[in-house]
>>> print(open('query-v1.txt').read())   # compact mmCIF, C-alpha atoms and all ligand atoms
# COMPACT_ATOMS: atom_id res chain seq x y z
CA MET A 1 0.00 0.00 0.00
CA ARG A 2 2.76 2.42 0.98
CA LYS A 3 4.58 1.61 -2.25
CA ALA A 4 1.45 2.48 -4.22
CA ILE A 5 1.06 5.77 -2.33
CA ASN A 6 4.71 6.64 -2.97
CA LEU A 7 4.27 5.88 -6.66
CA ILE A 8 1.16 8.05 -6.98
CA THR A 9 2.89 10.88 -5.07
CA ALA A 10 5.88 10.69 -7.43
CA LEU A 11 3.58 10.92 -10.43
CA VAL A 12 1.57 13.92 -9.24
CA ALA A 13 4.29 15.93 -7.48
CA LEU A 14 6.85 18.19 -9.07
CA LYS A 15 10.40 16.88 -8.94
CA PHE A 16 12.93 18.78 -6.86
CA GLY A 17 16.64 17.97 -7.02
CA ARG A 18 19.28 17.77 -4.33
CA VAL A 19 21.92 20.44 -4.06
CA ASN A 20 25.17 19.93 -5.94
CA ALA A 21 28.51 19.77 -4.12
CA LYS A 22 29.40 23.33 -5.12
CA LEU A 23 26.84 24.86 -2.78
CA LYS A 24 27.92 22.79 0.18
CA GLY A 25 30.98 25.05 0.60
CA ASN A 26 28.74 28.08 0.99
CA PRO A 27 28.75 29.37 4.60
CA LEU A 28 25.19 30.68 4.20
CA ALA A 29 24.14 27.15 3.30
CA ALA A 30 25.96 25.27 6.08
CA ASP A 31 23.71 22.69 7.75
CA LYS A 32 20.84 23.75 5.51
CA THR A 33 18.70 21.53 3.33
CA ILE A 34 18.99 22.91 -0.17
CA VAL A 35 16.81 21.80 -3.06
CA THR A 36 16.64 22.78 -6.70
CA PHE A 37 13.81 23.05 -9.19
CA SER A 38 14.16 22.88 -12.96
CA LEU A 39 12.25 23.12 -16.22
CA PRO A 40 13.34 22.26 -19.79
CA ALA A 41 16.18 24.59 -20.83
CA ALA A 42 15.34 27.22 -23.46
CA TRP A 43 11.77 25.94 -23.99
CA THR A 44 10.89 27.90 -20.87
CA CYS A 45 13.37 30.75 -21.31
CA PRO A 46 11.78 33.60 -23.29
CA GLY A 47 14.79 35.87 -22.67
CA ALA A 48 17.51 33.38 -23.71
CA ASN A 49 19.84 34.58 -26.46
CA LEU A 50 23.61 33.98 -26.39
CA CYS A 51 23.11 30.85 -24.28
CA LYS A 52 20.16 29.46 -26.20
CA ALA A 53 20.27 25.76 -26.96
CA ARG A 54 17.49 23.28 -26.50
CA VAL A 55 16.91 19.56 -26.52
CA ALA A 56 13.79 17.93 -27.90
CA ARG A 57 11.79 15.75 -25.56
CA ASP A 58 13.24 12.63 -27.15
CA GLY A 59 16.80 13.96 -27.46
CA GLY A 60 18.80 15.93 -30.05
CA LEU A 61 20.36 19.26 -29.15
CA VAL A 62 19.81 22.30 -31.35
CA ASP A 63 21.71 25.57 -30.84
CA GLY A 64 19.89 28.89 -31.09
CA PRO A 65 20.89 31.30 -33.89
CA ASN A 66 23.08 33.53 -31.69
CA VAL A 67 24.61 30.97 -29.36
CA GLU A 68 28.01 32.00 -27.97
CA PHE A 69 28.13 29.99 -24.75
CA ARG A 70 25.88 26.97 -24.99
CA CYS A 71 23.43 26.47 -22.14
CA TRP A 72 25.02 24.12 -19.62
CA ALA A 73 21.63 22.71 -18.62
CA ALA A 74 20.71 21.88 -22.22
CA SER A 75 24.00 20.04 -22.65
CA LEU A 76 23.23 18.03 -19.54
CA GLU A 77 19.71 17.25 -20.77
CA ALA A 78 21.22 16.01 -24.02
CA ILE A 79 23.33 13.35 -22.34
CA ARG A 80 21.17 12.48 -19.31
CA THR A 81 17.71 11.20 -20.19
CA ASN A 82 16.59 11.07 -16.56
CA VAL A 83 17.46 14.76 -16.12
CA ARG A 84 15.58 15.70 -19.29
CA ASN A 85 12.55 13.63 -18.26
CA ALA A 86 12.43 15.26 -14.81
CA HIS A 87 12.46 18.74 -16.37
CA TRP A 88 9.65 17.84 -18.78
CA HIS A 89 7.67 16.20 -15.99
CA ASN A 90 7.69 19.50 -14.11
CA PHE A 91 6.67 21.53 -17.16
CA ASP A 92 3.90 19.07 -18.03
CA MET A 93 2.50 19.41 -14.51
CA LEU A 94 2.33 23.21 -14.78
CA LYS A 95 1.25 23.57 -18.41
CA PRO A 96 -2.50 23.10 -17.86
CA TYR A 97 -2.47 26.20 -15.61
CA LEU A 98 -0.18 28.53 -17.58
CA ASN A 99 -2.18 31.66 -16.78
CA ASP A 100 -3.23 30.76 -13.24
CA ALA A 101 -0.61 31.95 -10.75
CA ARG A 102 -2.56 30.71 -7.74
CA LYS A 103 -2.99 27.19 -9.13
CA MET A 104 0.68 26.92 -10.11
CA ALA A 105 1.66 28.22 -6.66
CA ASP A 106 -0.51 25.51 -5.07
CA ILE A 107 1.17 22.78 -7.13
CA ILE A 108 4.65 24.10 -6.33
CA GLY A 109 3.84 24.59 -2.64
CA GLN A 110 2.42 21.08 -2.30
CA SER A 111 5.49 19.55 -3.96
CA LEU A 112 8.09 21.63 -2.09
CA PRO A 113 10.13 19.28 0.14
CA ARG A 114 9.07 19.97 3.73
CA ARG A 115 12.58 20.23 5.08
CA ALA A 116 13.84 22.68 2.47
CA ASP A 117 15.68 25.69 3.93
CA ILE A 118 16.95 27.06 0.64
CA VAL A 119 15.46 26.62 -2.84
CA ARG A 120 17.45 27.28 -6.00
CA VAL A 121 14.72 28.06 -8.51
CA HIS A 122 15.76 26.94 -12.01
CA GLU A 123 19.07 25.20 -12.32
CA SER A 124 17.54 24.84 -15.77
CA GLY A 125 14.74 26.89 -17.29
CA ASP A 126 13.40 30.32 -16.42
CA PHE A 127 10.26 32.27 -15.56
CA PHE A 128 8.33 31.54 -18.74
CA ASN A 129 5.47 34.03 -18.18
CA ASP A 130 4.09 36.55 -15.68
CA ALA A 131 1.69 34.13 -13.99
CA TYR A 132 4.44 31.61 -13.36
CA PHE A 133 6.69 34.35 -11.96
CA ARG A 134 3.92 35.45 -9.61
CA ALA A 135 3.39 31.83 -8.61
CA TRP A 136 6.93 31.70 -7.21
CA CYS A 137 6.36 35.05 -5.47
CA LEU A 138 3.30 33.54 -3.78
CA VAL A 139 5.20 30.39 -2.79
CA ALA A 140 8.06 32.43 -1.31
CA ALA A 141 5.64 34.71 0.57
CA ALA A 142 3.94 31.63 2.02
CA HIS A 143 7.31 30.26 3.25
CA PRO A 144 8.99 33.28 4.89
CA ASN A 145 11.60 31.10 6.63
CA VAL A 146 12.82 29.59 3.39
CA LEU A 147 15.30 31.42 1.14
CA PHE A 148 14.48 31.21 -2.57
CA TYR A 149 16.94 32.43 -5.16
CA ALA A 150 17.12 32.40 -8.96
CA TYR A 151 19.09 33.64 -11.93
CA THR A 152 16.87 34.96 -14.67
CA LYS A 153 16.90 36.43 -18.16
CA SER A 154 13.13 37.01 -18.01
CA LEU A 155 13.78 40.63 -17.20
CA LYS A 156 10.58 42.10 -18.63
CA THR A 157 8.54 39.77 -16.43
CA TRP A 158 10.66 40.59 -13.37
CA ILE A 159 10.28 44.34 -13.89
CA ALA A 160 6.55 44.12 -14.58
CA ASN A 161 6.00 42.18 -11.34
CA ARG A 162 8.70 43.72 -9.16
CA ALA A 163 6.27 44.85 -6.48
CA ALA A 164 5.17 41.23 -5.91
CA VAL A 165 8.67 39.91 -5.09
CA PRO A 166 9.00 39.15 -1.37
CA ALA A 167 12.30 39.73 0.47
CA ASN A 168 13.07 36.00 0.66
CA LEU A 169 13.04 35.61 -3.15
CA VAL A 170 16.45 36.89 -4.30
CA LEU A 171 16.77 37.37 -8.06
CA THR A 172 19.90 37.92 -10.13
CA ALA A 173 19.75 39.17 -13.71
CA SER A 174 21.86 36.96 -15.90
CA ARG A 175 23.55 38.71 -18.85
CA GLY A 176 23.53 37.40 -22.40
CA GLY A 177 19.76 37.57 -22.80
CA LEU A 178 17.45 39.49 -25.12
CA TRP A 179 16.87 42.40 -22.76
CA ASP A 180 20.26 43.10 -21.11
CA GLU A 181 19.76 46.87 -21.43
CA LEU A 182 17.10 46.66 -18.71
CA ILE A 183 19.69 45.56 -16.12
CA ASP A 184 21.38 48.93 -15.73
CA LYS A 185 18.25 50.90 -16.57
CA HIS A 186 16.40 49.33 -13.62
CA GLY A 187 19.40 48.76 -11.30
CA LEU A 188 18.89 44.99 -11.15
CA LYS A 189 21.19 42.76 -9.13
CA THR A 190 23.37 41.07 -11.73
CA ALA A 191 26.16 38.58 -12.49
CA ARG A 192 28.78 38.66 -15.26
CA VAL A 193 30.42 35.56 -16.73
CA VAL A 194 34.24 35.80 -16.67
CA PHE A 195 36.85 33.39 -17.97
CA SER A 196 39.67 34.15 -15.52
CA ILE A 197 40.32 35.51 -12.05
CA GLU A 198 42.27 38.38 -13.66
CA GLN A 199 39.25 39.39 -15.72
CA ALA A 200 37.10 39.51 -12.59
CA SER A 201 39.61 41.62 -10.69
CA LYS A 202 39.91 44.06 -13.62
CA LEU A 203 36.15 44.52 -13.41
CA GLY A 204 36.44 44.91 -9.62
CA LEU A 205 34.09 41.98 -9.06
CA THR A 206 34.22 39.11 -6.58
CA ILE A 207 33.84 35.65 -8.05
CA ASP A 208 30.92 33.68 -6.64
CA HIS A 209 32.12 30.07 -6.36
CA ASP A 210 29.31 28.75 -4.21
CA ASP A 211 26.18 30.86 -4.84
CA SER A 212 26.73 32.87 -1.65
CA ALA A 213 26.58 36.12 -3.65
CA ALA A 214 23.53 34.91 -5.56
CA MET A 215 21.76 34.24 -2.25
CA ASP A 216 22.65 37.62 -0.73
CA ALA A 217 20.30 40.44 -1.73
CA ASN A 218 22.84 43.03 -0.54
CA ILE A 219 25.44 42.06 -3.15
CA ARG A 220 24.37 43.91 -6.27
CA GLU A 221 26.97 42.64 -8.77
CA PHE A 222 29.39 39.71 -8.87
CA ALA A 223 31.25 37.47 -11.31
CA LEU A 224 30.76 33.84 -12.31
CA LEU A 225 33.87 31.99 -13.44
CA ARG A 226 33.24 29.75 -16.40
CA GLY A 227 35.08 26.65 -15.25
CA PRO A 228 36.08 23.33 -16.80
CA ARG A 229 32.72 21.70 -16.17
CA GLN A 230 30.84 24.34 -18.13
CA LEU A 231 33.51 24.45 -20.84
CA LEU A 232 33.43 20.68 -21.20
CA PHE A 233 29.66 20.56 -21.46
CA GLY A 234 29.80 23.42 -23.94
CA LEU A 235 32.01 21.29 -26.20
CA LEU A 236 29.79 18.23 -26.09
CA VAL A 237 27.65 18.15 -29.19
CA PRO A 238 24.94 15.49 -29.40
CA GLU A 239 23.32 15.30 -32.81
CA GLU A 240 19.88 14.53 -34.15
CA GLY A 241 19.25 10.79 -33.91
CA ASP A 242 21.88 10.07 -31.25
CA THR A 243 20.83 7.27 -28.91
CA GLU A 244 21.71 6.73 -25.28
CA ASN A 245 24.55 4.49 -26.47
CA GLN A 246 26.18 7.21 -28.55
CA ALA A 247 29.47 8.24 -26.97
CA PRO A 248 29.61 11.93 -26.08
CA ARG A 249 31.08 13.84 -29.01
CA ILE A 250 33.42 16.81 -28.75
CA VAL A 251 33.55 19.12 -31.75
CA LEU A 252 36.51 21.45 -32.27
CA GLY A 253 36.14 23.11 -35.66
CA GLU A 254 36.38 20.35 -38.28
CA LEU A 255 37.52 17.81 -35.70
CA LYS A 256 34.91 15.48 -34.21
CA LEU A 257 35.97 13.19 -31.36
CA ASP A 258 33.97 10.52 -29.61
CA VAL A 259 35.08 10.50 -25.97
CA CYS A 260 34.39 7.87 -23.36
CA ARG A 261 31.87 8.60 -20.62
CA GLU A 262 34.33 7.44 -17.96
CA LEU A 263 36.82 10.11 -18.99
CA ILE A 264 34.16 12.79 -18.78
CA CYS A 265 33.02 11.54 -15.37
CA CYS A 266 36.63 11.67 -14.11
CA VAL A 267 37.05 15.26 -15.32
CA LEU A 268 33.75 16.32 -13.79
CA LEU A 269 34.50 14.66 -10.46
CA ALA A 270 37.97 16.21 -10.31
CA ALA A 271 36.53 19.66 -11.10
CA GLU A 272 33.78 19.21 -8.53
CA LYS A 273 36.24 18.18 -5.81
CA ARG A 274 38.22 21.34 -6.43
CA ASN A 275 35.07 23.49 -6.55
CA LEU A 276 35.83 24.53 -10.13
S1 LIG B 1 18.28 31.13 -19.81
FE1 LIG B 1 19.49 29.67 -18.58
S2 LIG B 1 18.44 27.69 -18.73
FE2 LIG B 1 17.59 29.04 -20.30
S3 LIG B 1 18.75 28.53 -22.16
FE3 LIG B 1 19.81 30.26 -21.18
S4 LIG B 1 21.38 29.37 -19.80
FE4 LIG B 1 19.89 27.75 -20.40
>>> encode(input="query-v1.txt", output="structure tokens")
Amino acid sequence: MRKAINLITALVALKFGRVNAKLKGNPLAADKTIVTFSLPAAWTCPGANLCKARVARDGGLVDGPNVEFRCWAASLEAIRTNVRNAHWHNFDMLKPYLNDARKMADIIGQSLPRRADIVRVHESGDFFNDAYFRAWCLVAAAHPNVLFYAYTKSLKTWIANRAAVPANLVLTASRGGLWDELIDKHGLKTARVVFSIEQASKLGLTIDHDDSAAMDANIREFALLRGPRQLLFGLLVPEEGDTENQAPRIVLGELKLDVCRELICCVLLAAEKRNL
């Protein structure tokens, strides 16, 4: 009986993820239960531009027309079917109520893990419309002891609904989207992607290695170092028709290399251990 109840709950609840190792070094997050929530990359990101890449439900990654730094989450969806399925499961649950903020807030609130202290909204995906944005505002307002934080390129939606954002929902404008000019115009908290420590110090910005700056509403601007994990995922190029058995493929200009999954796992683990 309990098994049946668990199965039904899994089918009707949104899926939240566990925090990745990177956040565990964050002093603000020490001893806290941190969960993440995601939607399909780019399909739910109306403001995506230089990052835009998306994966069809059944696989196959397609870059957007202006892609300069491929979406890390889309690359992950392309090689991990279970990740992609979880993102689509969440979107499918919300889609019937696209214009009903209250209903979406109810679904999110009912699925939110009870012990969550901190919620990273959207490791993948974004605020796809105003109602969905307001749904998260309602959820955060109903859980004043929980810290919610998110990066977003949905800047028009944020600005239009700014008055509804409670203090425990901390938003950071992510550059490289369609409406970057709104960041300075409206004084939005923001992050810049940098490729070296020197570049960050020239800009006078602190690098956020563990999301502590993203969680802190008082820090108005910081840098994100694009590390080996992101660079590696950015090089992986699944193609239309690839199956689960297709080895990850790295493309460097004309050169196409199939690389073994074990090698990639080793690189990712080594980078994760060093907080890169
Ligand atoms: S906005 Fe974020 S999740 Fe969406 S495509 Fe860009 S990097 Fe990916």
>>> residues_near_point(input="query-v1.txt", point="(11.9, 28.3, -16.0)", cutoff="12 Å", atoms="only C-alpha atoms", output="MDAnalysis selection string")
chainID A and resid 36:48 73 87:88 90:91 94:95 120:133 135:136 150:154 157
>>> atom_distance(input="query-v1.txt", atom1="CA of Leu188 in chain A", atom2="CA of Ala142 in chain A")
24.0 Å
>>> closest_residue(input="query-v1.txt", among="A:Val67, A:Ile118, A:Leu225, A:Ile219", to="ligand LIG 1 (chain B)", atoms="only C-alpha atoms and all ligand atoms")
A:Val67
>>> closest_residue(input="query-v1.txt", among="A:Leu178, A:Val139, A:Arg57, A:Leu205", to="Ile107 in chain A", atoms="all atoms listed in the file")
A:Val139
>>> axis_aligned_box(input="query-v1.txt", around="ligand LIG 1 (chain B)", padding_each_side="5 Å", output="lines of an AutoDock Vina configuration file")
center_x = 19.5
center_y = 29.4
center_z = -20.4
size_x = 13.8
size_y = 13.4
size_z = 13.6
>>> closest_residue(input="query-v1.txt", among="A:Ile159, A:Ala13, A:Leu182, A:Ala74", to="ligand LIG 1 (chain B)", atoms="all atoms listed in the file")
A:Ala74
>>> atom_distance(input="query-v1.txt", atom1="CA of Asp63 in chain A", atom2="atom FE2 of ligand LIG 1 (chain B)")
11.8 Å
>>> closest_residue(input="query-v1.txt", among="A:Leu50, A:Val194, A:Leu147, A:Ala217", to="ligand LIG 1 (chain B)", atoms="only C-alpha atoms and all ligand atoms")
A:Leu50
>>> closest_residue(input="query-v1.txt", among="A:Ala173, A:Ala164, A:Ile108, A:Val83", to="ligand LIG 1 (chain B)", atoms="only C-alpha atoms and all ligand atoms")
A:Ala173
>>> closest_residue(input="query-v1.txt", among="A:Lys32, A:Arg18, A:Arg175, A:Arg84", to="Cys51 in chain A", atoms="all atoms listed in the file")
A:Arg175
